[in-house]
Structures are given as C-alpha cells and as structure tokens.
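Okay, structure first, notes after.
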Amino acid sequence: MDVFSKIDRIDSENVFAPKSLRWMVVFLAMWFSLDWLSATDEMGEYVNAAPVWDANLIDVVEQIAWAGFVLLVLLTAYRLVDYLDAFIVVEGDDMAARRSLASVAESIGRLAVVVLAFFVIAGLIGVNLNGLIAGLGITGLALALAARDSVANVFGAISIIVDQPFNVGDWIVVEDAEGEVINIGLRTTMLRTGADTMVTIPNSNITNSPVENFSHRRFRRIRPSFEFEEDSGADSLRKFCDMLCEQVLADPRSMKADDSWVRVTQTLPSKVTVSSNFYCASSGRTQREFTEDILMMARARGNECGLVFHEPRLRAQK
C-alpha cells in the first residue's frame, strides 16, 4: 500500500479510511499502559506496583510507543487532507470554482502537515527547537532568495483562485499549451491536451501570460466562405447571399441574428469570394453539425442560383 497516495473519497460506509488508525490505538494504549506501570511519586517510589522488569528498557519502549503514535497521527493527517474536497466540493452553484479551491486547499494542507511533521520529528529526536527556529530565520532568508521562483508560483496559485481566470475542468490555451485543466497546485497547473498528454505549467508563467478560456464561451462562431467564378452575375450573387442567410437564420440552432450575414467580400480577376458569419450554441457537436449543414445549404443555393463554384484546376485547363 502506498501510504502517500491519494485515497478514495469519504463514503457513508467507511468514514475512517486510513488503516493507520488501528495502529494509532495500539501505540496509544501501549504508551498509556507503560506510563501507568512506571508512574512514580515525589519520592521516586512506584505508585502502582514494583517493577519486575528493566526500568530503562521500559522507558525506551514507552518513548518508542509515543513516537509511533505521533508519527501515525501525522501520517493520518497527511492522508485526511484528501477529504477536504468532500467538504468543499458539495452540491451547489459554481462547482468548477469549488473544485479549483479544493485542489489548492489540498496542496496547502499537505504542505502544512509536512512542515508540522518536520518540527515534531525534530523534537522527538532531541533537537533544540529554539535554536532550530532561530537558525531558520537566516536560513529562510537564503532559501527565499534561492527559491524565489517557487514563491512566485505559490502567489500565482493564490492569484488563480482569487481571480478565477479558469477552474478545474475548463479548456484553456496558455502560452503554447492547450488542454483541460486537471489540477491547480501550489506550484504548477496541470493540463490534459487533446492528444491525451499531460502538460505542467508553473503558476507564475500563467499569471504573467494571456489565458484564453474556451469553456466560458456563450456561443460559437461559424465563418465559412465560398468562391465562385469571376463571370458570376451580380443579381445571382445577391440572391445567393439573401437565400443562404435567410435559410440559416431560420434554423433553430442559429443565434445572434443581428450579427449574422452573408456578403460578397472580395472580387479578383479569377474569382468572387462570398463570406459569411453565423453563431450557434456553445457546443462542439452543435458547431460541427451546423457547419456541415451550412455548407450543404450553400451548395444547394449556389446551384439553384446558377452559380459555378471556383475551381483553379478547371481554369488552368481552359
């Protein structure tokens, strides 16, 4: 069993999932028993019973039992951090923001437990904590200078949670990476790309770069263009534009009718270009299907208006 791996979420049947809890009880009971047996009064006499064992050995075993209990408490605390999202990610509004907050909260919780464990273990092995804390003042300054990038990443994570340019589950583009946000940690943010690869980006880079969030789109834009032969008549072209625009806007998937249009945008000696601009709901499937239908509509309306689509190879043969 990997004691440091992320455990399953809390469920109604197994609230105390970490198996280390049973050993905590064992070590605690052992420590209490030995402490009770070795208890002495002010005169140094044993209170409960005269020992029939080596007192020094019992003291060592008692210290080991206490150390084992404390270490298991720290281990359990480290693993219980995984349960934070059970309290943060609950039913309600803005679930994406809750998942992002839970992701960072778990990272902060693990860091806090590790720092606490460092001081506790140092105390158990007899290190002078006063001197250690005093020495950390100077050492911390040196570490801060050496690890300024890591500090910048931590503040970057805080900025991401506060400003919420994206949340866990959003599809974003940042720098040269594009993908779904999988995890927002204290140091890095992880994306899963369309090729199913994982990309890790330092949080400081994200806060200093433009972030394009596709998940916040209210609609999707469709901009197909069509090319016809240069001898196409003006009336036929206008009729094509009006008929195509009217048919597309009549489709229930179409949105933003005032901003939708079909117009001649370019005339060259060899061809005439007709451009269009339409909108549909923010759905990849709807966009693909609607784009295909618009192209088929354009083909049918072009044939109906007597227009010939431009084909460079046919012109070269002429």
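Simple scheme: letters A, B, ... for chains in structure tokens order, numbers from 1 for residues in each chain, numbers from 1 for ligands in the order shown.
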
### Task
Mind listing the helix (DSSP H, G or I) residues of region 135-316 of chain A, per DSSP on the backbone, as an MDAnalysis selection string?
chainID A and resid 135:146 148:163 203:207 214:216 234:249 257:259 284:304 312:316

May I have all residues of region 88-316 of chain A that DSSP, computed from the backbone, assigns to strand (DSSP E), given as a ChimeraX atom specification?
/A:171-174,177-184,188-192,198-202,211-213,219-222,225-229,254-255,261-267,271-281

Inset, instruction - Give me the residues within 7 Å of Thr265 (chain A) as a list in words, counting only C-alpha atoms and dropping any in the same chain fewer than 5 places off. - result: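 My list of contacting residues is Thr273, Val274 and Ser275 of chain A.
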
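Considering the residues A:Arg192, A:Arg148, A:Arg221, A:Lys239 and counting only C-alpha atoms, Ala298 (chain A) has its shortest atom-to-atom contact with A:Lys239.
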
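Closest approach to Val272 (chain A) among A:Val248, A:Arg285, A:Ser232, A:Arg301 is made by A:Ser232 (distances from only C-alpha atoms).
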
Restricting to only C-alpha atoms, whichever of A:Ala112, A:Ala29, A:Cys245, A:Met296 is closest to Asp258 (chain A) is A:Cys245

Can you pull out every residue within 8 Å of Pro224 (chain A), counting only C-alpha atoms, but drop anything in the same chain fewer than 4 positions away, and send it as a PyMOL selection string?
chain A and resi 275-277+291+295

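Of the listed residues (A:Met243, A:Ala67, A:Ala77, A:Ala152), A:Ala152 comes nearest to Asn208 (chain A); the distances count only C-alpha atoms.
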
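Atom pair CA of Gly156 (chain A) / CA of Leu75 (chain A): separated by 28.2 Å.
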
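One finds CA of Ser260 (chain A) at 23.4 Å from CA of Gly233 (chain A).
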
Computed gap from CA of Arg110 (chain A) to CA of Val174 (chain A) is 27.2 Å

With distances taken over only C-alpha atoms, which residue among A:Val61, A:Val70, A:Ala105, A:Ile172 lies nearest Ala117 (chain A)?
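Closest to Ala117 (chain A), using only C-alpha atoms: A:Val70.
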
Pick from A:Asp259, A:Glu175, A:Asp163, A:Glu304 nearest to Ile222 (chain A), counting only C-alpha atoms: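 Closest to Ile222 (chain A) of all the choices is A:Asp259.
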